[in-house]
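Peer 1: Pasting protein-v4.cif below, which is mmCIF, C-alpha atoms.
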```cif
data_run
#
loop_
_atom_site.label_atom_id
_atom_site.label_comp_id
_atom_site.auth_asym_id
_atom_site.auth_seq_id
_atom_site.Cartn_x
_atom_site.Cartn_y
_atom_site.Cartn_z
CA MET A 78 1.92 2.20 -32.54
CA SER A 79 -1.02 -0.18 -32.53
CA ILE A 80 -4.29 0.84 -30.99
CA ASP A 81 -3.65 -1.54 -28.11
CA ASP A 82 -0.42 0.25 -27.36
CA SER A 83 -1.88 3.73 -27.28
CA PRO A 84 -1.69 5.52 -24.00
CA ILE A 85 -5.20 6.28 -22.84
CA VAL A 86 -5.51 9.30 -20.65
CA LEU A 87 -9.13 9.75 -19.72
CA PRO A 88 -10.48 13.29 -19.44
CA ASP A 89 -10.31 15.00 -16.09
CA ASP A 90 -13.35 14.40 -13.95
CA PRO A 91 -13.49 16.17 -10.57
CA SER A 92 -16.49 14.08 -9.55
CA PHE A 93 -14.09 11.25 -8.78
CA GLY A 94 -12.58 13.17 -5.88
CA PRO A 95 -9.63 11.46 -4.24
CA GLU A 96 -11.07 8.02 -4.92
CA VAL A 97 -9.31 6.09 -7.62
CA GLN A 98 -11.06 3.73 -9.95
CA VAL A 99 -10.25 0.08 -9.55
CA ASP A 100 -9.94 -0.44 -13.30
CA TYR A 101 -8.28 2.03 -15.62
CA PRO A 102 -7.80 1.22 -19.31
CA GLY A 103 -4.69 3.34 -19.73
CA TYR A 104 -2.80 1.26 -17.17
CA ARG A 105 -2.66 -2.16 -18.75
CA SER A 106 -1.87 -4.15 -15.62
CA THR A 107 -5.31 -3.29 -14.23
CA ARG A 108 -7.01 -5.40 -16.90
CA TRP A 109 -6.63 -8.81 -15.28
CA ARG A 110 -5.98 -7.65 -11.77
CA ALA A 111 -8.52 -5.01 -10.77
CA PRO A 112 -11.63 -6.59 -9.20
CA ASP A 113 -14.38 -6.97 -11.80
CA ARG A 114 -17.26 -7.37 -9.35
CA PRO A 115 -18.77 -4.62 -7.23
CA LEU A 116 -17.04 -4.06 -3.91
CA VAL A 117 -19.18 -5.07 -0.92
CA THR A 118 -19.95 -2.37 1.63
CA LEU A 119 -19.43 -3.36 5.26
CA PRO A 120 -21.80 -2.30 8.03
CA GLU A 121 -20.55 0.99 9.44
CA GLU A 122 -20.20 -0.10 13.05
CA LEU A 123 -17.75 -2.82 12.11
CA HIS A 124 -15.80 -0.52 9.92
CA ASP A 125 -12.64 0.68 11.48
CA PRO A 126 -10.50 -1.18 13.96
CA ALA A 127 -7.35 0.40 15.29
CA GLY A 128 -4.14 0.01 13.38
CA PRO A 129 -0.85 -1.21 14.77
CA VAL A 130 1.14 0.88 17.22
CA PHE A 131 4.83 1.19 16.46
CA GLY A 132 7.47 1.59 19.12
CA ASP A 133 10.80 3.34 18.72
CA GLY A 134 12.43 -0.03 18.07
CA ALA A 135 10.56 -0.41 14.77
CA VAL A 136 13.13 1.59 12.81
CA GLY A 137 16.88 2.11 13.00
CA GLU A 138 18.51 5.46 13.64
CA LEU A 139 19.74 5.86 10.04
CA ASP A 140 16.82 4.16 8.28
CA HIS A 141 15.55 7.58 7.14
CA ASP A 142 18.82 8.32 5.31
CA LEU A 143 18.96 6.52 1.96
CA THR A 144 22.37 8.03 1.25
CA ALA A 145 23.93 6.34 4.29
CA GLY A 146 25.06 2.81 4.91
CA HIS A 147 27.31 2.30 1.91
CA ALA A 148 31.02 2.75 1.25
CA GLY A 149 30.47 6.06 -0.54
CA ASP A 150 27.84 8.62 -1.45
CA PRO A 151 25.26 7.74 -4.10
CA LEU A 152 25.29 9.55 -7.42
CA GLY A 153 22.62 12.14 -8.10
CA GLU A 154 21.08 15.25 -6.68
CA ARG A 155 20.89 14.97 -2.88
CA ILE A 156 17.45 15.94 -1.53
CA VAL A 157 15.60 16.18 1.77
CA VAL A 158 11.96 15.09 1.58
CA THR A 159 9.84 15.99 4.57
CA GLY A 160 6.24 16.67 5.49
CA ARG A 161 3.52 15.78 7.93
CA VAL A 162 1.11 12.88 8.11
CA LEU A 163 -2.29 14.34 9.00
CA ASP A 164 -5.90 13.27 8.93
CA VAL A 165 -8.44 15.27 6.94
CA ASP A 166 -9.22 17.32 10.06
CA GLY A 167 -5.59 18.40 10.24
CA ARG A 168 -4.71 16.29 13.26
CA PRO A 169 -1.10 15.03 13.17
CA LEU A 170 -0.62 11.28 13.23
CA ARG A 171 2.23 10.53 15.60
CA SER A 172 4.50 7.49 15.68
CA THR A 173 3.11 6.10 12.48
CA LEU A 174 5.35 4.10 10.16
CA VAL A 175 6.33 5.67 6.82
CA GLU A 176 8.18 3.43 4.38
CA ILE A 177 9.61 4.56 1.04
CA TRP A 178 11.33 3.01 -1.96
CA GLN A 179 12.55 4.48 -5.22
CA ALA A 180 14.72 4.21 -8.32
CA ASN A 181 18.25 5.60 -8.25
CA ALA A 182 19.28 8.85 -9.94
CA GLY A 183 19.57 7.02 -13.26
CA GLY A 184 16.03 5.66 -13.09
CA ARG A 185 16.97 2.09 -12.13
CA TYR A 186 15.53 0.07 -9.27
CA ARG A 187 17.73 -2.36 -7.41
CA HIS A 188 15.40 -5.23 -8.24
CA GLU A 189 16.06 -8.30 -10.41
CA VAL A 190 13.01 -7.63 -12.59
CA ASP A 191 14.15 -4.12 -13.52
CA GLN A 192 16.25 -4.51 -16.68
CA HIS A 193 16.24 -0.85 -17.75
CA PRO A 194 19.73 -0.30 -19.23
CA ALA A 195 20.67 2.40 -16.74
CA PRO A 196 23.44 1.75 -14.24
CA LEU A 197 22.91 0.42 -10.76
CA ASP A 198 24.60 2.50 -8.09
CA PRO A 199 26.65 0.43 -5.63
CA ASN A 200 26.06 3.14 -3.04
CA PHE A 201 22.27 3.22 -3.30
CA LEU A 202 19.66 0.66 -2.32
CA GLY A 203 16.62 2.94 -2.50
CA ALA A 204 14.69 1.98 0.64
CA GLY A 205 14.02 3.92 3.84
CA ARG A 206 11.64 4.10 6.75
CA CYS A 207 10.89 6.31 9.72
CA LEU A 208 8.29 6.99 12.37
CA THR A 209 6.51 10.34 12.47
CA ASP A 210 7.34 12.64 15.39
CA ASP A 211 4.90 14.36 17.76
CA ASP A 212 3.89 16.82 15.01
CA GLY A 213 3.27 13.96 12.59
CA ARG A 214 6.43 14.88 10.71
CA TYR A 215 8.56 12.48 8.69
CA ARG A 216 11.91 13.28 7.09
CA PHE A 217 14.05 11.42 4.57
CA VAL A 218 17.44 12.16 3.04
CA THR A 219 17.87 10.63 -0.42
CA VAL A 220 18.71 11.44 -4.03
CA LYS A 221 16.21 12.56 -6.65
CA PRO A 222 15.06 9.46 -8.55
CA GLY A 223 15.33 9.38 -12.33
CA SER A 224 12.52 8.78 -14.79
CA TYR A 225 12.42 5.37 -16.44
CA PRO A 226 10.65 3.52 -19.27
CA TRP A 227 8.06 0.93 -18.28
CA GLY A 228 6.59 -0.74 -21.37
CA ASN A 229 2.95 0.07 -20.66
CA HIS A 230 2.60 1.56 -24.15
CA GLU A 231 4.88 2.85 -26.87
CA ASN A 232 7.52 5.21 -25.42
CA ALA A 233 6.03 5.10 -21.93
CA TRP A 234 8.09 6.81 -19.20
CA ARG A 235 7.20 7.31 -15.56
CA PRO A 236 7.55 10.78 -14.08
CA ALA A 237 10.13 10.80 -11.27
CA HIS A 238 8.50 9.54 -8.09
CA ILE A 239 9.09 8.09 -4.64
CA HIS A 240 6.79 5.29 -3.41
CA PHE A 241 5.30 5.85 0.06
CA SER A 242 3.56 3.39 2.37
CA VAL A 243 1.82 4.84 5.45
CA PHE A 244 -0.14 3.13 8.22
CA GLY A 245 -2.04 5.78 10.15
CA ARG A 246 -3.96 5.01 13.33
CA ALA A 247 -6.77 2.91 11.93
CA PHE A 248 -7.06 0.02 9.50
CA THR A 249 -8.87 2.17 6.93
CA GLN A 250 -6.26 4.93 7.02
CA ARG A 251 -3.66 2.66 5.43
CA VAL A 252 -2.39 4.07 2.15
CA VAL A 253 0.27 3.27 -0.42
CA THR A 254 0.92 6.05 -2.90
CA GLN A 255 3.58 7.89 -4.90
CA MET A 256 5.10 11.34 -4.43
CA TYR A 257 6.01 13.33 -7.52
CA PHE A 258 8.22 16.36 -8.14
CA PRO A 259 6.86 19.73 -9.26
CA GLY A 260 6.81 20.59 -12.95
CA ASP A 261 7.61 17.14 -14.31
CA PRO A 262 7.12 17.19 -18.11
CA LEU A 263 5.96 13.55 -18.06
CA PHE A 264 2.82 14.18 -15.99
CA GLU A 265 0.54 14.60 -18.98
CA PHE A 266 1.61 11.28 -20.51
CA ASP A 267 1.45 9.10 -17.42
CA PRO A 268 -1.62 6.88 -16.98
CA ILE A 269 -0.79 6.03 -13.36
CA PHE A 270 -0.71 9.72 -12.39
CA HIS A 271 -3.91 10.22 -14.40
CA SER A 272 -5.66 7.25 -12.81
CA VAL A 273 -6.63 9.92 -10.26
CA ARG A 274 -9.23 11.68 -12.39
CA ASP A 275 -9.77 14.78 -10.28
CA PRO A 276 -7.01 17.31 -11.07
CA LYS A 277 -7.26 18.80 -7.57
CA ALA A 278 -6.76 15.37 -6.00
CA ARG A 279 -3.93 14.64 -8.44
CA ALA A 280 -2.17 17.83 -7.37
CA LEU A 281 -2.00 16.38 -3.84
CA LEU A 282 0.50 13.82 -5.16
CA VAL A 283 3.02 16.52 -6.14
CA SER A 284 5.60 17.77 -3.65
CA ARG A 285 6.61 21.41 -3.32
CA PHE A 286 10.14 22.67 -3.67
CA ASP A 287 10.96 24.55 -0.47
CA LEU A 288 13.93 26.86 -0.07
CA ALA A 289 13.58 26.82 3.71
CA THR A 290 13.98 23.03 3.71
CA THR A 291 16.91 23.30 1.32
CA THR A 292 20.21 23.01 3.18
CA PRO A 293 22.93 25.39 1.92
CA GLU A 294 25.82 23.69 0.15
CA TRP A 295 24.27 20.27 0.79
CA ALA A 296 20.74 19.31 -0.40
CA LEU A 297 17.58 20.60 -2.09
CA GLY A 298 14.42 20.44 0.01
CA TYR A 299 10.94 19.19 -0.88
CA GLN A 300 7.83 19.32 1.29
CA TRP A 301 4.96 16.88 0.93
CA ASP A 302 2.12 16.36 3.40
CA ILE A 303 0.22 13.09 3.42
CA VAL A 304 -3.44 13.37 4.37
CA LEU A 305 -5.24 10.23 5.48
CA GLY A 306 -8.95 9.59 5.85
CA ARG A 307 -10.69 10.37 9.09
CA GLY A 308 -10.86 6.74 10.12
CA GLY A 309 -13.51 5.46 12.48
CA ALA A 310 -13.42 4.71 16.18
CA GLY A 311 -10.04 3.09 15.83
CA ALA A 312 -8.50 6.39 14.73
CA THR A 313 -9.52 8.22 17.90
CA PRO A 314 -6.37 9.13 19.77
CA PHE A 315 -5.97 7.87 23.29
CA GLU A 316 -5.10 11.35 24.49
CA GLU A 317 -6.32 14.77 23.47
CA ASP A 318 -4.18 16.34 20.77
CA ASP A 319 -4.47 19.71 22.48
CA ALA A 320 -3.62 18.42 25.93
CA MET B 1466 -11.62 23.09 7.39
CA THR B 1467 -11.18 19.71 5.80
CA LEU B 1468 -7.97 18.83 4.02
CA GLY B 1469 -7.95 16.96 0.73
CA GLN B 1470 -7.10 13.29 1.17
CA THR B 1471 -3.96 12.04 -0.53
CA PRO B 1472 -5.00 9.63 -3.29
CA SER B 1473 -3.71 6.09 -3.53
CA GLN B 1474 -1.28 5.00 -6.25
CA THR B 1475 -0.25 1.49 -7.18
CA VAL B 1476 2.45 -0.24 -5.15
CA GLY B 1477 4.07 -1.17 -8.48
CA PRO B 1478 6.29 -4.18 -9.21
CA PHE B 1479 9.29 -3.21 -7.08
CA TYR B 1480 7.78 -2.79 -3.62
CA ALA B 1481 10.05 -5.52 -2.28
CA ILE B 1482 12.93 -3.02 -2.17
CA GLY B 1483 11.22 -1.04 0.55
CA LEU B 1484 8.45 -3.14 2.03
CA THR B 1485 10.16 -6.45 2.66
CA TRP B 1486 9.49 -7.17 6.31
CA PRO B 1487 11.68 -9.48 8.35
CA SER B 1488 8.82 -11.65 9.54
CA ASN B 1489 5.54 -13.01 8.22
CA GLU B 1490 4.44 -14.00 11.72
CA LEU B 1491 1.33 -12.46 13.23
CA VAL B 1492 2.36 -14.44 16.29
CA ALA B 1493 5.59 -16.34 16.80
CA ALA B 1494 5.53 -19.87 15.46
CA GLY B 1495 5.04 -22.20 18.38
CA THR B 1496 2.69 -19.83 20.20
CA SER B 1497 -0.41 -21.59 21.47
CA GLY B 1498 -2.94 -21.67 18.62
CA ALA B 1499 -0.43 -20.57 15.96
CA VAL B 1500 -1.14 -22.04 12.54
CA GLU B 1501 0.34 -21.67 9.06
CA LEU B 1502 -1.90 -19.77 6.65
CA THR B 1503 -0.95 -20.00 2.98
CA GLY B 1504 -2.55 -19.36 -0.38
CA LEU B 1505 -2.18 -18.17 -3.96
CA LEU B 1506 -2.79 -14.70 -5.33
CA LEU B 1507 -4.35 -15.18 -8.77
CA ASP B 1508 -5.37 -12.79 -11.55
CA GLY B 1509 -8.46 -12.93 -13.78
CA ARG B 1510 -6.86 -15.54 -16.05
CA GLY B 1511 -5.92 -17.76 -13.15
CA GLU B 1512 -2.28 -16.73 -13.51
CA PRO B 1513 -0.26 -16.34 -10.32
CA MET B 1514 0.58 -12.77 -9.34
CA ALA B 1515 4.23 -13.12 -8.45
CA ASP B 1516 4.79 -9.46 -7.59
CA GLY B 1517 2.00 -8.95 -5.08
CA MET B 1518 2.01 -8.31 -1.36
CA VAL B 1519 -0.51 -9.35 1.28
CA GLU B 1520 -0.98 -7.98 4.78
CA VAL B 1521 -3.09 -9.70 7.43
CA TRP B 1522 -4.33 -7.71 10.39
CA ASP B 1523 -5.65 -8.96 13.68
CA SER B 1524 -7.33 -5.69 14.42
CA ALA B 1525 -8.63 -6.69 17.83
CA GLY B 1526 -5.11 -7.60 18.89
CA GLY B 1527 -3.36 -4.67 17.19
CA ARG B 1528 -1.14 -7.12 15.29
CA TRP B 1529 -0.29 -7.34 11.63
CA ALA B 1530 2.05 -9.27 9.33
CA ARG B 1531 3.17 -8.97 5.75
CA SER B 1532 4.09 -11.49 3.06
CA GLY B 1533 5.28 -11.02 -0.49
CA THR B 1534 4.10 -13.49 -3.11
CA ALA B 1535 6.66 -15.98 -4.37
CA PRO B 1536 7.01 -16.77 -8.11
CA GLU B 1537 4.03 -19.12 -8.01
CA GLY B 1538 1.94 -16.39 -6.40
CA ARG B 1539 2.15 -17.94 -2.97
CA PHE B 1540 1.97 -15.98 0.26
CA SER B 1541 2.26 -17.46 3.72
CA PHE B 1542 1.85 -16.39 7.31
CA VAL B 1543 1.86 -17.69 10.84
CA VAL B 1544 -1.46 -16.57 12.30
CA VAL B 1545 -3.67 -17.20 15.27
CA LYS B 1546 -7.45 -17.09 15.33
CA PRO B 1547 -8.34 -13.73 16.87
CA ASP B 1548 -10.99 -13.06 19.45
CA ALA B 1549 -14.44 -12.62 18.00
CA ALA B 1550 -15.78 -9.09 18.26
CA ASN B 1551 -19.34 -8.33 19.36
CA GLY B 1552 -20.44 -11.93 19.34
CA GLY B 1553 -19.72 -12.35 15.61
CA ALA B 1554 -17.35 -14.80 14.01
CA PRO B 1555 -13.60 -14.29 14.32
CA TRP B 1556 -11.81 -13.07 11.23
CA LEU B 1557 -8.55 -11.58 10.03
CA ASP B 1558 -8.57 -8.45 7.90
CA VAL B 1559 -6.58 -8.70 4.68
CA TYR B 1560 -5.08 -6.10 2.39
CA VAL B 1561 -3.87 -7.01 -1.10
CA PHE B 1562 -1.33 -4.82 -2.89
CA ALA B 1563 0.00 -5.35 -6.43
CA ARG B 1564 1.07 -3.80 -9.65
CA GLY B 1565 -2.20 -3.16 -11.50
CA LEU B 1566 -4.14 -2.33 -8.35
CA LEU B 1567 -4.58 1.43 -8.20
CA ARG B 1568 -5.61 1.04 -4.61
CA HIS B 1569 -5.05 -1.92 -2.30
CA GLN B 1570 -8.00 -4.26 -2.02
CA ARG B 1571 -9.57 -5.32 1.21
CA THR B 1572 -10.98 -8.71 2.15
CA ARG B 1573 -11.35 -11.00 5.18
CA ILE B 1574 -10.35 -14.50 6.22
CA TYR B 1575 -12.86 -16.45 8.32
CA PHE B 1576 -12.06 -19.76 9.99
CA PRO B 1577 -13.39 -23.17 8.90
CA ASP B 1578 -13.76 -24.51 12.45
CA GLU B 1579 -16.37 -21.88 13.32
CA PRO B 1580 -19.41 -22.99 11.27
CA GLU B 1581 -22.00 -21.75 13.74
CA ALA B 1582 -20.40 -18.37 14.33
CA ASN B 1583 -19.82 -17.98 10.58
CA ALA B 1584 -23.47 -18.78 9.86
CA ALA B 1585 -24.53 -16.04 12.28
CA ASP B 1586 -21.98 -13.47 11.16
CA PRO B 1587 -23.69 -10.37 9.74
CA VAL B 1588 -21.12 -9.82 6.99
CA LEU B 1589 -21.05 -13.44 5.80
CA SER B 1590 -24.82 -13.71 6.06
CA ALA B 1591 -25.30 -10.83 3.65
CA LEU B 1592 -23.40 -12.71 0.91
CA ASP B 1593 -24.55 -15.53 -1.34
CA GLU B 1594 -23.13 -19.02 -0.89
CA ARG B 1595 -20.45 -18.70 -3.57
CA GLU B 1596 -19.26 -15.38 -2.19
CA ARG B 1597 -19.29 -16.68 1.37
CA GLN B 1598 -17.07 -19.61 0.39
CA THR B 1599 -14.40 -17.24 -0.91
CA LEU B 1600 -13.94 -15.77 2.58
CA VAL B 1601 -13.62 -18.98 4.60
CA ALA B 1602 -10.19 -20.62 4.75
CA ARG B 1603 -9.93 -24.37 4.14
CA GLN B 1604 -8.22 -26.71 6.56
CA GLN B 1605 -5.54 -28.88 5.00
CA ARG B 1606 -3.81 -31.02 7.59
CA ALA B 1607 -2.19 -28.55 9.99
CA SER B 1608 -2.47 -25.55 7.65
CA LEU B 1609 -5.13 -23.11 6.59
CA LEU B 1610 -5.48 -22.49 2.85
CA PHE B 1611 -6.88 -19.24 1.51
CA ASP B 1612 -6.54 -18.32 -2.18
CA ILE B 1613 -7.23 -14.77 -3.33
CA THR B 1614 -8.63 -14.46 -6.86
CA MET B 1615 -9.02 -10.97 -8.29
CA GLN B 1616 -11.61 -11.60 -11.03
CA GLY B 1617 -14.00 -14.05 -12.67
CA GLU B 1618 -16.18 -16.91 -11.47
CA ALA B 1619 -13.91 -17.65 -8.53
CA ALA B 1620 -13.40 -14.00 -7.58
CA THR B 1621 -12.85 -13.34 -3.90
CA VAL B 1622 -15.23 -10.88 -2.26
CA PHE B 1623 -13.55 -7.50 -1.74
CA PHE B 1624 -14.91 -4.79 0.50
CA ALA B 1625 -15.32 -1.11 -0.18
CA HIS B 1626 -13.03 1.15 1.80
#
```
Translate this structure into structure tokens?

Peer 2:
Amino acid sequence: MSIDDSPIVLPDDPSFGPEVQVDYPGYRSTRWRAPDRPLVTLPEELHDPAGPVFGDGAVGELDHDLTAGHAGDPLGERIVVTGRVLDVDGRPLRSTLVEIWQANAGGRYRHEVDQHPAPLDPNFLGAGRCLTDDDGRYRFVTVKPGSYPWGNHENAWRPAHIHFSVFGRAFTQRVVTQMYFPGDPLFEFDPIFHSVRDPKARALLVSRFDLATTTPEWALGYQWDIVLGRGGAGATPFEEDDA
Amino acid sequence: MTLGQTPSQTVGPFYAIGLTWPSNELVAAGTSGAVELTGLLLDGRGEPMADGMVEVWDSAGGRWARSGTAPEGRFSFVVVKPDAANGGAPWLDVYVFARGLLRHQRTRIYFPDEPEANAADPVLSALDERERQTLVARQQRASLLFDITMQGEAATVFFAH
């Protein structure tokens, strides 16, 4: 292993809070891509326009079920992943779009660039979407994704994860992130997971196994809440949440 | 009680599986005022970023559109110049997502046919000339051109979240 290929996991630093750095030496792709000039702060009053509003027509009835839509069932451990989209004050964000994508149970993405020698599954695409309900809840049915190698450094493997994209109510609430599974032995070696320097913030990326969500004789259940920033004026709901 | 905010993680190289959107039109092509907006997403070496994704938001109109970047790093949209807010210049908000970006980056597109409004805009005015130029699209025949450069001498201005 050359020095350039060494995984760099920087020490924990709670002072970073939930904010991620824009450049992180352990994750090599940041080197030529992360902005190298200071970010410009906008005046506060211009800060936060409203985000898009999604109607029921934005998603199909089975779009939340990644195991559906093929000739047979996908291979792997069937799981239900559910949770609420909230703001930091605990208010549920209703009718917001949640989009996910993931590798199959063998750790292979259905994407031409992914050449990991694990099998594709003809019964699994790995994409889903849904709108949150009145409690801010989303729910997906899928299979647990496998870990996979990614070439960032010698013997680099990603912990199992599902990619999430969430809109929220306001422009600044938009987030794209990754959900992990509890107890993954690869956490300590993964520079993407560790790009979040605060261990408490990092823990917010890990779902919780939940027996109550687990469906007997059918699927294991995981709970994962997604907490968005407060947003500005654009995030103010048109109606009172308590009404 | 305040809840901890979920941190961002990179969109990674395979977002197209889940985030491919059927349309890149902020407004339907043919709508009055609709114009093609296209550009390149470039890294700090000037190399095209072929696995990136760009979203443009007309926040005043509650509209947004999404485009992946083609192999040469090109994204393209059908947009319309939004209404100007608070007497400033009109702009579109832009989010850039890519492998190697731990969090999406935020910038703006201003319009080249609004020199007076741009000159008076409080955000543009606070930048130096080079920086200002990176935020104003160029007119090329019927299209607007707007390249996004992540680093270096030509780096686009990005805004803090």

Peer 1: Just say which residues the PyMOL selection byres ((chain B and resi 1564) around 12) picks in this file, as a PyMOL selection string.

Peer 2: (chain A and resi 99+104-111+229+253-254+269) or (chain B and resi 1474-1481+1508+1514-1518+1561-1563+1565-1570)

Peer 1: Which residues fall under the PyMOL selection byres ((chain B and resi 1612-1620) around 7) in this file, as an NGL selection string?

Peer 2: (:A and (110-113)) or (:B and (1504-1509 or 1610-1611 or 1621-1622))

Peer 1: Run the PyMOL selection byres ((chain A and resi 129) around 12) against the file shown and list the residues it catches, as a ChimeraX atom specification.

Peer 2: /A:126-128,130-132,135,172-174,243-251,311-312 /B:1491,1521-1530

Peer 1: To one decimal place, how far is CA of Val283 (chain A) from CA of Glu231 (chain A) in Å?

Peer 2: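 Calculated distance between CA of Val283 (chain A) and CA of Glu231 (chain A) is 24.9 Å.
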
Peer 1: If we count all atoms listed in the file, what is near Pro259 (chain A) at a cut-off of 10 Å, once residues fewer than 6 positions away on the same chain are taken out, given as a compact mmCIF listing (two decimals) with C-alpha atoms, in the frame of the given file?

Peer 2:
```
# COMPACT_ATOMS: atom_id res chain seq x y z
CA ALA A 237 10.13 10.80 -11.27
CA ALA A 280 -2.17 17.83 -7.37
CA LEU A 282 0.50 13.82 -5.16
CA VAL A 283 3.02 16.52 -6.14
CA SER A 284 5.60 17.77 -3.65
CA ARG A 285 6.61 21.41 -3.32
CA PHE A 286 10.14 22.67 -3.67
CA TYR A 299 10.94 19.19 -0.88
```

Peer 1: For Val97 (chain A), list every protein, DNA or RNA residue within 8 Å, evaluated using all atoms listed in the file, and leave out those in the same chain fewer than 4 positions away; present the list as a ChimeraX atom specification.

Peer 2: /A:93,272-274 /B:1472-1473,1567-1568

Peer 1: Hey, what's within 6 Å of region 144-154 of chain A if we count only C-alpha atoms and toss same-chain stuff fewer than 4 positions away? As a ChimeraX atom specification, please?

Peer 2: /A:182,200-201,219-221

Peer 1: Just how far from CA of Cys207 (chain A) is CA of Phe258 (chain A), in Å to one decimal?

Peer 2: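 It comes out at 20.7 Å.
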
Peer 1: Which is closest to chain B among A:Leu263, A:Leu202, A:Val218, A:Leu197, if we use all atoms listed in the file?

Peer 2: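 Counting all atoms listed in the file, the residue closest to chain B is A:Leu202.
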
Peer 1: Provide the CA of Arg114 (chain A) to CA of Glu1512 (chain B) distance in Å, to one decimal place.

Peer 2: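 About the pair CA of Arg114 (chain A) and CA of Glu1512 (chain B): they are 18.1 Å apart.
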
Peer 1: Using only C-alpha atoms, which of A:Pro95, A:Pro222, A:Gly308, A:Pro262 sits nearest chain B?

Peer 2: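 Smallest separation from chain B among the options: A:Pro95.
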
Peer 1: Please determine, counting all atoms listed in the file, which residue among A:Pro115, A:Pro88, A:Gly160, A:Pro169 has the shortest atom-to-atom distance to chain B.

Peer 2: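 Closest candidate: A:Pro115.
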
Peer 1: With only C-alpha atoms as the counted atoms, please give the residues lying no more than 10 Å from Gly1498 (chain B), apart from itself and same-chain residues fewer than 6 positions off, as a ChimeraX atom specification.

Peer 2: /B:1492,1543-1547

Peer 1: Excluding same-chain residues fewer than 6 positions from Phe1623 (chain B), what lies within 6 Å of it counting only C-alpha atoms, as JSON, numbers by chain?

Peer 2: {"A": [116], "B": [1571, 1572]}

Peer 1: Counting only C-alpha atoms, write as a PyMOL selection string all protein and nucleic acid residues lying at most 10 Å from (22.1, 18.6, 1.8) in the file's frame.

Peer 2: chain A and resi 154-157+218-220+290-298

Peer 1: Would you mind exporting C-alpha atoms of the selected residues as a PDB file, keeping the file's coordinate frame?

Peer 2:
```pdb
ATOM      1  CA  GLU A 154      21.080  15.250  -6.680  1.00  0.00           C
ATOM      2  CA  ARG A 155      20.890  14.970  -2.880  1.00  0.00           C
ATOM      3  CA  ILE A 156      17.450  15.940  -1.530  1.00  0.00           C
ATOM      4  CA  VAL A 157      15.600  16.180   1.770  1.00  0.00           C
ATOM      5  CA  VAL A 218      17.440  12.160   3.040  1.00  0.00           C
ATOM      6  CA  THR A 219      17.870  10.630  -0.420  1.00  0.00           C
ATOM      7  CA  VAL A 220      18.710  11.440  -4.030  1.00  0.00           C
ATOM      8  CA  THR A 290      13.980  23.030   3.710  1.00  0.00           C
ATOM      9  CA  THR A 291      16.910  23.300   1.320  1.00  0.00           C
ATOM     10  CA  THR A 292      20.210  23.010   3.180  1.00  0.00           C
ATOM     11  CA  PRO A 293      22.930  25.390   1.920  1.00  0.00           C
ATOM     12  CA  GLU A 294      25.820  23.690   0.150  1.00  0.00           C
ATOM     13  CA  TRP A 295      24.270  20.270   0.790  1.00  0.00           C
ATOM     14  CA  ALA A 296      20.740  19.310  -0.400  1.00  0.00           C
ATOM     15  CA  LEU A 297      17.580  20.600  -2.090  1.00  0.00           C
ATOM     16  CA  GLY A 298      14.420  20.440   0.010  1.00  0.00           C
TER      17      GLY A 298
END
```

Peer 1: Give the answer as one residue: which of B:Arg1595, B:Arg1510, B:Arg1539, B:Arg1606 has the shortest atom-to-atom distance to chain A, using all atoms listed in the file?

Peer 2: B:Arg1510

Peer 1: Quick test: take region 1499-1525 of chain B, keep C-alpha atoms, and write it as a PDB file, in the first residue's frame.

Peer 2:
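Generated output (decode27.pdb):
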```pdb
ATOM      1  CA  ALA B1499     -38.616  29.507 -22.687  1.00  0.00           C
ATOM      2  CA  VAL B1500     -34.934  29.219 -23.555  1.00  0.00           C
ATOM      3  CA  GLU B1501     -32.358  26.434 -23.603  1.00  0.00           C
ATOM      4  CA  LEU B1502     -29.776  26.694 -20.838  1.00  0.00           C
ATOM      5  CA  THR B1503     -26.707  24.481 -21.218  1.00  0.00           C
ATOM      6  CA  GLY B1504     -23.217  24.256 -19.798  1.00  0.00           C
ATOM      7  CA  LEU B1505     -20.335  22.081 -18.651  1.00  0.00           C
ATOM      8  CA  LEU B1506     -19.604  20.850 -15.151  1.00  0.00           C
ATOM      9  CA  LEU B1507     -15.812  20.937 -14.772  1.00  0.00           C
ATOM     10  CA  ASP B1508     -13.425  19.847 -12.014  1.00  0.00           C
ATOM     11  CA  GLY B1509     -10.271  21.607 -10.780  1.00  0.00           C
ATOM     12  CA  ARG B1510      -8.214  20.226 -13.676  1.00  0.00           C
ATOM     13  CA  GLY B1511     -10.725  21.378 -16.249  1.00  0.00           C
ATOM     14  CA  GLU B1512     -11.888  17.796 -16.742  1.00  0.00           C
ATOM     15  CA  PRO B1513     -15.595  17.239 -17.380  1.00  0.00           C
ATOM     16  CA  MET B1514     -17.531  15.702 -14.503  1.00  0.00           C
ATOM     17  CA  ALA B1515     -19.557  13.090 -16.327  1.00  0.00           C
ATOM     18  CA  ASP B1516     -21.307  11.706 -13.250  1.00  0.00           C
ATOM     19  CA  GLY B1517     -22.723  14.914 -11.821  1.00  0.00           C
ATOM     20  CA  MET B1518     -26.255  16.193 -11.450  1.00  0.00           C
ATOM     21  CA  VAL B1519     -27.556  19.757 -11.544  1.00  0.00           C
ATOM     22  CA  GLU B1520     -30.875  21.109 -10.307  1.00  0.00           C
ATOM     23  CA  VAL B1521     -32.186  24.559 -11.189  1.00  0.00           C
ATOM     24  CA  TRP B1522     -34.866  26.123  -9.048  1.00  0.00           C
ATOM     25  CA  ASP B1523     -37.146  29.009  -9.846  1.00  0.00           C
ATOM     26  CA  SER B1524     -37.918  29.604  -6.234  1.00  0.00           C
ATOM     27  CA  ALA B1525     -40.356  32.432  -6.826  1.00  0.00           C
TER      28      ALA B1525
END
```
